[in-house]
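Trainee: For reference, this is run24.cif, and it has mmCIF, C-alpha atoms and all ligand atoms.
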data_model
#
loop_
_atom_site.group_PDB
_atom_site.id
_atom_site.type_symbol
_atom_site.label_atom_id
_atom_site.label_comp_id
_atom_site.auth_asym_id
_atom_site.auth_seq_id
_atom_site.Cartn_x
_atom_site.Cartn_y
_atom_site.Cartn_z
ATOM 1 C CA MET A 1 81.195 138.817 96.190
ATOM 2 C CA ILE A 2 83.336 137.025 98.694
ATOM 3 C CA ASN A 3 83.341 137.971 102.372
ATOM 4 C CA GLU A 4 86.333 140.167 103.358
ATOM 5 C CA LYS A 5 87.501 137.950 106.196
ATOM 6 C CA LEU A 6 87.389 134.914 103.915
ATOM 7 C CA GLU A 7 89.216 136.805 101.159
ATOM 8 C CA LYS A 8 92.048 137.570 103.624
ATOM 9 C CA ALA A 9 92.164 133.923 104.735
ATOM 10 C CA PHE A 10 92.357 132.773 101.088
ATOM 11 C CA ASN A 11 95.239 135.171 100.457
ATOM 12 C CA GLU A 12 97.086 133.821 103.496
ATOM 13 C CA GLN A 13 96.655 130.286 102.196
ATOM 14 C CA ILE A 14 97.897 131.290 98.744
ATOM 15 C CA ASN A 15 101.038 132.597 100.454
ATOM 16 C CA ALA A 16 101.383 129.373 102.473
ATOM 17 C CA GLU A 17 101.180 127.283 99.292
ATOM 18 C CA PHE A 18 103.814 129.414 97.556
ATOM 19 C CA TYR A 19 105.984 129.058 100.657
ATOM 20 C CA SER A 20 105.523 125.270 100.374
ATOM 21 C CA GLU A 21 106.788 125.439 96.811
ATOM 22 C CA TYR A 22 109.781 127.480 97.997
ATOM 23 C CA LEU A 23 110.541 125.054 100.824
ATOM 24 C CA TYR A 24 110.439 122.028 98.513
ATOM 25 C CA LEU A 25 112.564 123.861 95.964
ATOM 26 C CA SER A 26 115.137 124.401 98.703
ATOM 27 C CA MET A 27 115.003 120.681 99.506
ATOM 28 C CA TYR A 28 115.367 119.969 95.778
ATOM 29 C CA ALA A 29 118.588 122.015 95.793
ATOM 30 C CA TYR A 30 119.801 120.089 98.867
ATOM 31 C CA PHE A 31 119.262 116.745 97.097
ATOM 32 C CA GLU A 32 121.060 118.079 94.045
ATOM 33 C CA ARG A 33 124.043 118.858 96.299
ATOM 34 C CA MET A 34 123.801 115.333 97.768
ATOM 35 C CA ASN A 35 123.611 113.881 94.234
ATOM 36 C CA LEU A 36 120.424 111.997 95.128
ATOM 37 C CA GLN A 37 118.658 112.366 91.783
ATOM 38 C CA GLY A 38 115.528 110.378 92.695
ATOM 39 C CA PHE A 39 114.903 112.389 95.873
ATOM 40 C CA LYS A 40 115.448 115.490 93.778
ATOM 41 C CA THR A 41 112.809 114.360 91.250
ATOM 42 C CA TRP A 42 110.366 113.635 94.094
ATOM 43 C CA MET A 43 110.860 117.169 95.444
ATOM 44 C CA ASP A 44 110.435 118.631 91.982
ATOM 45 C CA VAL A 45 107.044 116.934 91.643
ATOM 46 C CA GLN A 46 106.127 118.050 95.158
ATOM 47 C CA ARG A 47 106.952 121.692 94.468
ATOM 48 C CA GLN A 48 104.955 121.614 91.210
ATOM 49 C CA GLU A 49 101.983 120.310 93.167
ATOM 50 C CA GLU A 50 102.328 123.184 95.623
ATOM 51 C CA ARG A 51 102.354 125.684 92.768
ATOM 52 C CA ALA A 52 99.162 124.056 91.444
ATOM 53 C CA HIS A 53 97.569 124.285 94.925
ATOM 54 C CA ALA A 54 98.463 127.982 95.143
ATOM 55 C CA MET A 55 97.104 128.684 91.663
ATOM 56 C CA GLY A 56 93.910 126.739 92.384
ATOM 57 C CA LEU A 57 93.168 129.047 95.321
ATOM 58 C CA PHE A 58 94.323 132.076 93.327
ATOM 59 C CA GLN A 59 91.952 131.346 90.455
ATOM 60 C CA TYR A 60 89.063 130.476 92.735
ATOM 61 C CA LEU A 61 89.429 133.735 94.661
ATOM 62 C CA GLN A 62 89.364 135.677 91.391
ATOM 63 C CA GLU A 63 86.396 133.705 90.096
ATOM 64 C CA ARG A 64 84.518 134.723 93.210
ATOM 65 C CA GLY A 65 85.288 138.388 92.630
ATOM 66 C CA GLY A 66 87.916 138.535 95.376
ATOM 67 C CA LYS A 67 91.165 140.465 95.225
ATOM 68 C CA VAL A 68 94.391 138.464 95.111
ATOM 69 C CA VAL A 69 97.048 140.123 97.281
ATOM 70 C CA LEU A 70 100.477 138.529 97.048
ATOM 71 C CA ASP A 71 102.632 138.875 100.130
ATOM 72 C CA ARG A 72 106.375 138.307 100.515
ATOM 73 C CA ILE A 73 107.455 134.686 100.793
ATOM 74 C CA GLU A 74 109.439 133.731 103.871
ATOM 75 C CA GLN A 75 112.959 132.374 103.344
ATOM 76 C CA PRO A 76 112.990 128.579 103.704
ATOM 77 C CA LYS A 77 115.619 126.505 105.508
ATOM 78 C CA THR A 78 118.539 125.531 103.247
ATOM 79 C CA ASP A 79 120.492 122.830 105.071
ATOM 80 C CA TRP A 80 119.697 119.441 106.523
ATOM 81 C CA ARG A 81 121.959 116.748 107.968
ATOM 82 C CA THR A 82 120.303 113.743 106.333
ATOM 83 C CA PRO A 83 117.447 112.798 103.960
ATOM 84 C CA LEU A 84 115.634 111.530 107.076
ATOM 85 C CA GLU A 85 115.810 114.998 108.614
ATOM 86 C CA VAL A 86 114.429 116.468 105.365
ATOM 87 C CA PHE A 87 111.410 114.156 105.417
ATOM 88 C CA GLU A 88 110.797 114.792 109.113
ATOM 89 C CA ASP A 89 110.531 118.463 108.165
ATOM 90 C CA VAL A 90 108.255 117.656 105.209
ATOM 91 C CA LEU A 91 105.835 115.780 107.451
ATOM 92 C CA LYS A 92 105.829 118.571 110.052
ATOM 93 C CA HIS A 93 105.214 121.075 107.276
ATOM 94 C CA GLU A 94 102.348 119.103 105.741
ATOM 95 C CA GLN A 95 100.734 118.759 109.178
ATOM 96 C CA LEU A 96 100.970 122.522 109.562
ATOM 97 C CA VAL A 97 99.403 123.021 106.111
ATOM 98 C CA THR A 98 96.575 120.651 107.070
ATOM 99 C CA SER A 99 95.838 122.785 110.121
ATOM 100 C CA LYS A 100 95.882 125.930 107.952
ATOM 101 C CA ILE A 101 93.455 124.402 105.427
ATOM 102 C CA ASN A 102 91.181 123.384 108.291
ATOM 103 C CA ALA A 103 91.340 126.916 109.711
ATOM 104 C CA LEU A 104 90.511 128.381 106.284
ATOM 105 C CA THR A 105 87.534 126.041 105.986
ATOM 106 C CA ASP A 106 86.434 127.130 109.474
ATOM 107 C CA VAL A 107 86.342 130.745 108.236
ATOM 108 C CA ALA A 108 84.291 129.716 105.176
ATOM 109 C CA ASP A 109 81.953 127.905 107.559
ATOM 110 C CA GLU A 110 81.734 130.848 109.902
ATOM 111 C CA VAL A 111 80.707 133.250 107.118
ATOM 112 C CA LYS A 112 78.331 130.592 105.736
ATOM 113 C CA ASP A 113 80.009 130.453 102.338
ATOM 114 C CA ARG A 114 78.809 127.012 101.248
ATOM 115 C CA ALA A 115 80.468 127.224 97.822
ATOM 116 C CA ALA A 116 83.880 127.899 99.400
ATOM 117 C CA VAL A 117 83.412 125.084 101.917
ATOM 118 C CA SER A 118 82.641 122.716 99.071
ATOM 119 C CA PHE A 119 85.634 123.961 97.030
ATOM 120 C CA LEU A 120 87.974 123.524 100.009
ATOM 121 C CA ASP A 121 86.885 119.939 100.454
ATOM 122 C CA TRP A 122 89.324 118.999 97.663
ATOM 123 C CA TYR A 123 92.191 120.521 99.675
ATOM 124 C CA ILE A 124 91.154 118.659 102.829
ATOM 125 C CA LYS A 125 91.265 115.339 100.969
ATOM 126 C CA GLU A 126 94.531 116.279 99.275
ATOM 127 C CA GLN A 127 96.160 116.885 102.666
ATOM 128 C CA VAL A 128 95.223 113.365 103.809
ATOM 129 C CA GLU A 129 96.997 112.005 100.736
ATOM 130 C CA GLU A 130 100.007 114.309 101.150
ATOM 131 C CA GLU A 131 100.532 113.330 104.784
ATOM 132 C CA SER A 132 100.161 109.649 103.944
ATOM 133 C CA ASN A 133 102.690 109.773 101.061
ATOM 134 C CA VAL A 134 105.249 111.595 103.167
ATOM 135 C CA SER A 135 104.735 109.259 106.147
ATOM 136 C CA ASN A 136 105.439 106.279 103.912
ATOM 137 C CA VAL A 137 108.766 107.696 102.702
ATOM 138 C CA LEU A 138 109.631 108.627 106.280
ATOM 139 C CA LYS A 139 108.876 105.116 107.550
ATOM 140 C CA THR A 140 111.160 103.615 104.892
ATOM 141 C CA LEU A 141 113.928 106.080 105.716
ATOM 142 C CA LYS A 142 113.699 105.157 109.409
ATOM 143 C CA LEU A 143 113.815 101.483 108.521
ATOM 144 C CA ILE A 144 116.899 101.660 106.308
ATOM 145 C CA CYS A 145 118.778 103.907 108.749
ATOM 146 C CA ASP A 146 122.346 104.393 107.441
ATOM 147 C CA ASP A 147 122.261 101.556 104.907
ATOM 148 C CA LYS A 148 123.713 103.192 101.784
ATOM 149 C CA GLN A 149 122.568 100.454 99.417
ATOM 150 C CA CYS A 150 118.962 100.767 100.612
ATOM 151 C CA LEU A 151 119.165 104.548 100.304
ATOM 152 C CA TYR A 152 120.306 104.075 96.723
ATOM 153 C CA MET A 153 117.319 101.779 96.036
ATOM 154 C CA LEU A 154 114.894 104.220 97.631
ATOM 155 C CA ASP A 155 116.409 106.975 95.515
ATOM 156 C CA LYS A 156 115.662 104.923 92.386
ATOM 157 C CA GLU A 157 112.068 104.373 93.515
ATOM 158 C CA LEU A 158 111.412 108.028 94.365
ATOM 159 C CA GLY A 159 112.800 109.001 90.976
ATOM 160 C CA THR A 160 109.836 107.335 89.256
ATOM 161 C CA ARG A 161 107.383 109.944 90.610
ATOM 162 C CA THR A 162 105.850 112.091 87.887
ATOM 163 C CA PHE A 163 103.778 115.240 87.968
ATOM 164 C CA THR A 164 100.183 115.213 86.789
ATOM 165 C CA ALA A 165 98.395 118.533 87.009
ATOM 166 C CA PRO A 166 95.636 118.101 89.601
ATOM 167 C CA VAL A 167 92.019 118.827 88.769
ATOM 168 C CA ILE A 168 91.095 121.045 91.687
ATOM 169 C CA GLY A 169 87.618 121.646 93.050
HETATM 170 FE FE1 LIG A 201 99.681 122.229 99.311
HETATM 171 O O1 LIG A 201 99.846 120.593 100.056
HETATM 172 FE FE2 LIG A 201 101.590 120.336 100.619
HETATM 173 O O2 LIG A 201 101.839 121.867 101.502
#
Could the structure of this file be written out as structure tokens, please?
Ligand code: OFO

Mentor:
Amino acid sequence: MINEKLEKAFNEQINAEFYSEYLYLSMYAYFERMNLQGFKTWMDVQRQEERAHAMGLFQYLQERGGKVVLDRIEQPKTDWRTPLEVFEDVLKHEQLVTSKINALTDVADEVKDRAAVSFLDWYIKEQVEEESNVSNVLKTLKLICDDKQCLYMLDKELGTRTFTAPVIG
């Protein structure tokens, strides 16, 4: 049976991952309005990954005999001025998620739940990859500034991203 404090922390992280999906879905809608189809595809893959992260924690908590408690999901932002502003928000958000995953792992450590610490290791590594991917897009966006042709090319490149269900744990 999972420790109560850890169960609560898992539930909070499940909510954070569903919020991530919501946020990226809102960004997806923004790119649809901008008619940037490649950026839209990138966000679609990103939000599917967030759903998979949420469900990974959800299933693990149940496997461990914990109770999944779904909370309300906060309303995400809906408008941005530029794609650059969107990706600045994505990076800030991923950094926040990294700190939340670290805090969750700290709780698992504190209650000496070795299995949970080991399970969460996947999420820690995933956050390194997430932050790196987003930073790369952000760097390119900063470089191309207002160059419409380069934005068009970046849009084409981002549109090649595809979703592969992650094997978590
Ligand atoms: Fe779930 O990794 Fe992004 O937020």

Trainee: Please indicate the distance in Å from atom CA of A:Pro76 to atom CA of A:Thr140, rounded to one decimal place.

Mentor: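 Atom-to-atom, atom CA of A:Pro76 and atom CA of A:Thr140 are spaced 25.1 Å apart.
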
Trainee: Find the nearest atom pair between each residue of chain A and ligand LIG 201 (chain A) for residues within 7 Å, count all atoms listed in the file, give distances in Å to one decimal, sort rows by chain and ascending number, and present the table as JSON lines.

Mentor:
{"residue": "A:Glu17", "atom": "CA", "partner": "A:LIG201", "partner_atom": "FE1", "distance": 5.3}
{"residue": "A:Ser20", "atom": "CA", "partner": "A:LIG201", "partner_atom": "O2", "distance": 5.1}
{"residue": "A:Glu49", "atom": "CA", "partner": "A:LIG201", "partner_atom": "FE1", "distance": 6.8}
{"residue": "A:Glu50", "atom": "CA", "partner": "A:LIG201", "partner_atom": "FE1", "distance": 4.6}
{"residue": "A:His53", "atom": "CA", "partner": "A:LIG201", "partner_atom": "FE1", "distance": 5.3}
{"residue": "A:His93", "atom": "CA", "partner": "A:LIG201", "partner_atom": "O2", "distance": 6.7}
{"residue": "A:Glu94", "atom": "CA", "partner": "A:LIG201", "partner_atom": "O2", "distance": 5.1}
{"residue": "A:Val97", "atom": "CA", "partner": "A:LIG201", "partner_atom": "O2", "distance": 5.3}
{"residue": "A:Glu126", "atom": "CA", "partner": "A:LIG201", "partner_atom": "O1", "distance": 6.9}
{"residue": "A:Gln127", "atom": "CA", "partner": "A:LIG201", "partner_atom": "O1", "distance": 5.8}
{"residue": "A:Glu130", "atom": "CA", "partner": "A:LIG201", "partner_atom": "FE2", "distance": 6.3}

Trainee: If you count only C-alpha atoms, which residues fall within 9 Å of A:Asp44, apart from same-chain ones fewer than 2 positions away, as a PDB file with C-alpha atoms, in the coordinates of the input?

Mentor:
ATOM      1  CA  TYR A  24     110.439 122.028  98.513  1.00  0.00           C
ATOM      2  CA  LEU A  25     112.564 123.861  95.964  1.00  0.00           C
ATOM      3  CA  TYR A  28     115.367 119.969  95.778  1.00  0.00           C
ATOM      4  CA  PHE A  39     114.903 112.389  95.873  1.00  0.00           C
ATOM      5  CA  LYS A  40     115.448 115.490  93.778  1.00  0.00           C
ATOM      6  CA  THR A  41     112.809 114.360  91.250  1.00  0.00           C
ATOM      7  CA  TRP A  42     110.366 113.635  94.094  1.00  0.00           C
ATOM      8  CA  GLN A  46     106.127 118.050  95.158  1.00  0.00           C
ATOM      9  CA  ARG A  47     106.952 121.692  94.468  1.00  0.00           C
ATOM     10  CA  GLN A  48     104.955 121.614  91.210  1.00  0.00           C
ATOM     11  CA  GLU A  49     101.983 120.310  93.167  1.00  0.00           C
ATOM     12  CA  THR A 162     105.850 112.091  87.887  1.00  0.00           C
ATOM     13  CA  PHE A 163     103.778 115.240  87.968  1.00  0.00           C
TER      14      PHE A 163
END

Trainee: When the PyMOL selection byres (((chain A and resi 68) around 10) and not hetatm) is applied to the file above, which residues end up in the set, as a ChimeraX atom specification?

Mentor: /A:7-8,10-12,14,57-62,65-67,69-71

Trainee: For A:Leu23, which residue out of A:Leu143, A:Leu104, A:Ile73, A:Leu84 is the nearest one, using all atoms listed in the file?

Mentor: A:Ile73

Trainee: Using the chain letters and numbers from the file, give me the residues hit by the PyMOL selection byres (((chain A and resi 138) around 10) and not hetatm), as a ChimeraX atom specification.

Mentor: /A:83-88,90-91,132-137,139-143

Trainee: Nearest residue to A:Met55 out of A:Val128, A:Val117, A:Ile2, A:Asn15, using all atoms listed in the file?

Mentor: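 Nearest to A:Met55: A:Asn15.
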
Trainee: In Å, with one decimal, what is the gap from atom CA of A:Ala103 to atom CA of A:Gly56?

Mentor: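 Between atom CA of A:Ala103 and atom CA of A:Gly56 the gap works out to 17.5 Å.
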
Trainee: So that I can check the surroundings of A:Gly169, please list as an MDAnalysis selection string every protein, DNA and RNA residue that reaches within 10 Å of it, counting all atoms listed in the file and ignoring chain neighbours fewer than 4 positions away.

Mentor: chainID A and resid 56:57 60 116 118:123

Trainee: Point out the residue among A:Met27, A:Val45, A:Ala16, A:Leu36 with the least atom-to-atom distance to A:Tyr152, counting all atoms listed in the file.

Mentor: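 Among the listed residues, the smallest separation from A:Tyr152 belongs to A:Leu36.
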
Trainee: Here is a test: counting all atoms listed in the file, which residue of A:Glu129, A:Arg72, A:Lys77, A:Gly38 is nearest to A:Glu157?

Mentor: A:Gly38

Trainee: If you measure from atom CA of A:Gln149 to atom CA of A:Glu21, what distance in Å do you get, rounded to one decimal?

Mentor: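 Taking atom CA of A:Gln149 as the start and atom CA of A:Glu21 as the end point, the length is 29.7 Å.
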
Trainee: Could you check which of A:Met1, A:Ala9, A:Gln95, A:Met34 is closest to A:Glu63, using all atoms listed in the file?

Mentor: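 Going through A:Met1, A:Ala9, A:Gln95, A:Met34 one by one, the smallest distance to A:Glu63 is for A:Met1.
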
Trainee: In terms of the shortest atom-to-atom distance over all atoms listed in the file, which of A:Asp89, A:Glu32, A:Glu110, A:Glu74 is closest to A:Glu131?

Mentor: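 So, comparing all the options, the nearest one is A:Asp89.
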
Trainee: Determine the axis-aligned bounding box of all atoms of stretch 7-10 of chain A present in the file, pad each side by 6 Å, and express its centre and edge lengths in Å to one decimal place as lines of an AutoDock Vina configuration file.

Mentor:
center_x = 90.8
center_y = 135.2
center_z = 102.9
size_x = 15.1
size_y = 16.8
size_z = 15.6

Trainee: Could you pull stretch 41-68 of chain A out of the structure just shown and give N, CA, C and O atoms as an mmCIF file, in the first residue's frame?

Mentor:
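Dumped to part-v5.cif:
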data_model
loop_
_atom_site.group_PDB
_atom_site.id
_atom_site.type_symbol
_atom_site.label_atom_id
_atom_site.label_comp_id
_atom_site.auth_asym_id
_atom_site.auth_seq_id
_atom_site.Cartn_x
_atom_site.Cartn_y
_atom_site.Cartn_z
ATOM 1 N N THR A 41 0.797 20.733 -35.448
ATOM 2 C CA THR A 41 1.118 19.300 -35.332
ATOM 3 C C THR A 41 2.054 19.048 -34.148
ATOM 4 O O THR A 41 1.878 18.106 -33.368
ATOM 5 N N TRP A 42 3.054 19.921 -33.994
ATOM 6 C CA TRP A 42 4.019 19.781 -32.895
ATOM 7 C C TRP A 42 3.278 19.814 -31.557
ATOM 8 O O TRP A 42 3.525 18.993 -30.662
ATOM 9 N N MET A 43 2.350 20.758 -31.429
ATOM 10 C CA MET A 43 1.578 20.883 -30.178
ATOM 11 C C MET A 43 0.674 19.674 -29.963
ATOM 12 O O MET A 43 0.443 19.254 -28.825
ATOM 13 N N ASP A 44 0.173 19.129 -31.056
ATOM 14 C CA ASP A 44 -0.701 17.961 -30.937
ATOM 15 C C ASP A 44 0.097 16.780 -30.377
ATOM 16 O O ASP A 44 -0.381 16.044 -29.507
ATOM 17 N N VAL A 45 1.309 16.608 -30.870
ATOM 18 C CA VAL A 45 2.168 15.526 -30.364
ATOM 19 C C VAL A 45 2.492 15.789 -28.890
ATOM 20 O O VAL A 45 2.418 14.891 -28.046
ATOM 21 N N GLN A 46 2.801 17.049 -28.591
ATOM 22 C CA GLN A 46 3.151 17.416 -27.216
ATOM 23 C C GLN A 46 2.000 17.119 -26.246
ATOM 24 O O GLN A 46 2.199 16.560 -25.184
ATOM 25 N N ARG A 47 0.795 17.463 -26.656
ATOM 26 C CA ARG A 47 -0.343 17.236 -25.738
ATOM 27 C C ARG A 47 -0.631 15.731 -25.584
ATOM 28 O O ARG A 47 -1.017 15.281 -24.513
ATOM 29 N N GLN A 48 -0.382 14.957 -26.632
ATOM 30 C CA GLN A 48 -0.568 13.500 -26.509
ATOM 31 C C GLN A 48 0.451 12.915 -25.544
ATOM 32 O O GLN A 48 0.164 11.991 -24.778
ATOM 33 N N GLU A 49 1.661 13.481 -25.578
ATOM 34 C CA GLU A 49 2.694 13.009 -24.644
ATOM 35 C C GLU A 49 2.275 13.309 -23.210
ATOM 36 O O GLU A 49 2.464 12.495 -22.311
ATOM 37 N N GLU A 50 1.700 14.495 -23.015
ATOM 38 C CA GLU A 50 1.273 14.864 -21.652
ATOM 39 C C GLU A 50 0.179 13.921 -21.143
ATOM 40 O O GLU A 50 0.169 13.536 -19.983
ATOM 41 N N ARG A 51 -0.731 13.573 -22.040
ATOM 42 C CA ARG A 51 -1.793 12.628 -21.662
ATOM 43 C C ARG A 51 -1.149 11.289 -21.245
ATOM 44 O O ARG A 51 -1.537 10.673 -20.254
ATOM 45 N N ALA A 52 -0.154 10.859 -22.020
ATOM 46 C CA ALA A 52 0.536 9.599 -21.697
ATOM 47 C C ALA A 52 1.255 9.708 -20.345
ATOM 48 O O ALA A 52 1.240 8.754 -19.550
ATOM 49 N N HIS A 53 1.859 10.879 -20.065
ATOM 50 C CA HIS A 53 2.527 11.063 -18.765
ATOM 51 C C HIS A 53 1.509 10.959 -17.630
ATOM 52 O O HIS A 53 1.762 10.318 -16.606
ATOM 53 N N ALA A 54 0.362 11.624 -17.822
ATOM 54 C CA ALA A 54 -0.686 11.594 -16.787
ATOM 55 C C ALA A 54 -1.153 10.165 -16.558
ATOM 56 O O ALA A 54 -1.256 9.697 -15.414
ATOM 57 N N MET A 55 -1.401 9.433 -17.656
ATOM 58 C CA MET A 55 -1.919 8.077 -17.532
ATOM 59 C C MET A 55 -0.876 7.111 -16.956
ATOM 60 O O MET A 55 -1.230 6.141 -16.277
ATOM 61 N N GLY A 56 0.386 7.390 -17.212
ATOM 62 C CA GLY A 56 1.462 6.569 -16.636
ATOM 63 C C GLY A 56 1.429 6.657 -15.114
ATOM 64 O O GLY A 56 1.516 5.638 -14.409
ATOM 65 N N LEU A 57 1.268 7.874 -14.605
ATOM 66 C CA LEU A 57 1.210 8.077 -13.148
ATOM 67 C C LEU A 57 -0.095 7.489 -12.581
ATOM 68 O O LEU A 57 -0.103 6.878 -11.508
ATOM 69 N N PHE A 58 -1.161 7.702 -13.325
ATOM 70 C CA PHE A 58 -2.490 7.202 -12.958
ATOM 71 C C PHE A 58 -2.448 5.673 -12.775
ATOM 72 O O PHE A 58 -2.862 5.134 -11.748
ATOM 73 N N GLN A 59 -1.906 5.002 -13.795
ATOM 74 C CA GLN A 59 -1.873 3.537 -13.726
ATOM 75 C C GLN A 59 -0.937 3.037 -12.637
ATOM 76 O O GLN A 59 -1.236 2.065 -11.948
ATOM 77 N N TYR A 60 0.185 3.737 -12.487
ATOM 78 C CA TYR A 60 1.140 3.312 -11.452
ATOM 79 C C TYR A 60 0.511 3.437 -10.068
ATOM 80 O O TYR A 60 0.642 2.528 -9.233
ATOM 81 N N LEU A 61 -0.177 4.551 -9.830
ATOM 82 C CA LEU A 61 -0.797 4.768 -8.521
ATOM 83 C C LEU A 61 -1.819 3.658 -8.235
ATOM 84 O O LEU A 61 -1.883 3.117 -7.121
ATOM 85 N N GLN A 62 -2.572 3.285 -9.253
ATOM 86 C CA GLN A 62 -3.552 2.200 -9.065
ATOM 87 C C GLN A 62 -2.879 0.855 -8.834
ATOM 88 O O GLN A 62 -3.305 0.076 -7.983
ATOM 89 N N GLU A 63 -1.818 0.629 -9.596
ATOM 90 C CA GLU A 63 -1.057 -0.633 -9.423
ATOM 91 C C GLU A 63 -0.554 -0.791 -8.002
ATOM 92 O O GLU A 63 -0.467 -1.900 -7.474
ATOM 93 N N ARG A 64 -0.214 0.349 -7.398
ATOM 94 C CA ARG A 64 0.323 0.319 -6.040
ATOM 95 C C ARG A 64 -0.773 0.340 -4.976
ATOM 96 O O ARG A 64 -0.492 0.545 -3.784
ATOM 97 N N GLY A 65 -2.010 0.214 -5.414
ATOM 98 C CA GLY A 65 -3.117 0.182 -4.457
ATOM 99 C C GLY A 65 -3.549 1.558 -3.985
ATOM 100 O O GLY A 65 -4.311 1.682 -3.021
ATOM 101 N N GLY A 66 -3.074 2.605 -4.651
ATOM 102 C CA GLY A 66 -3.462 3.965 -4.267
ATOM 103 C C GLY A 66 -4.792 4.351 -4.887
ATOM 104 O O GLY A 66 -5.294 3.697 -5.801
ATOM 105 N N LYS A 67 -5.349 5.457 -4.368
ATOM 106 C CA LYS A 67 -6.634 5.929 -4.887
ATOM 107 C C LYS A 67 -6.391 7.136 -5.792
ATOM 108 O O LYS A 67 -5.795 8.133 -5.371
ATOM 109 N N VAL A 68 -6.878 7.028 -7.036
ATOM 110 C CA VAL A 68 -6.748 8.153 -7.963
ATOM 111 C C VAL A 68 -7.879 9.136 -7.659
ATOM 112 O O VAL A 68 -9.045 8.762 -7.620
#
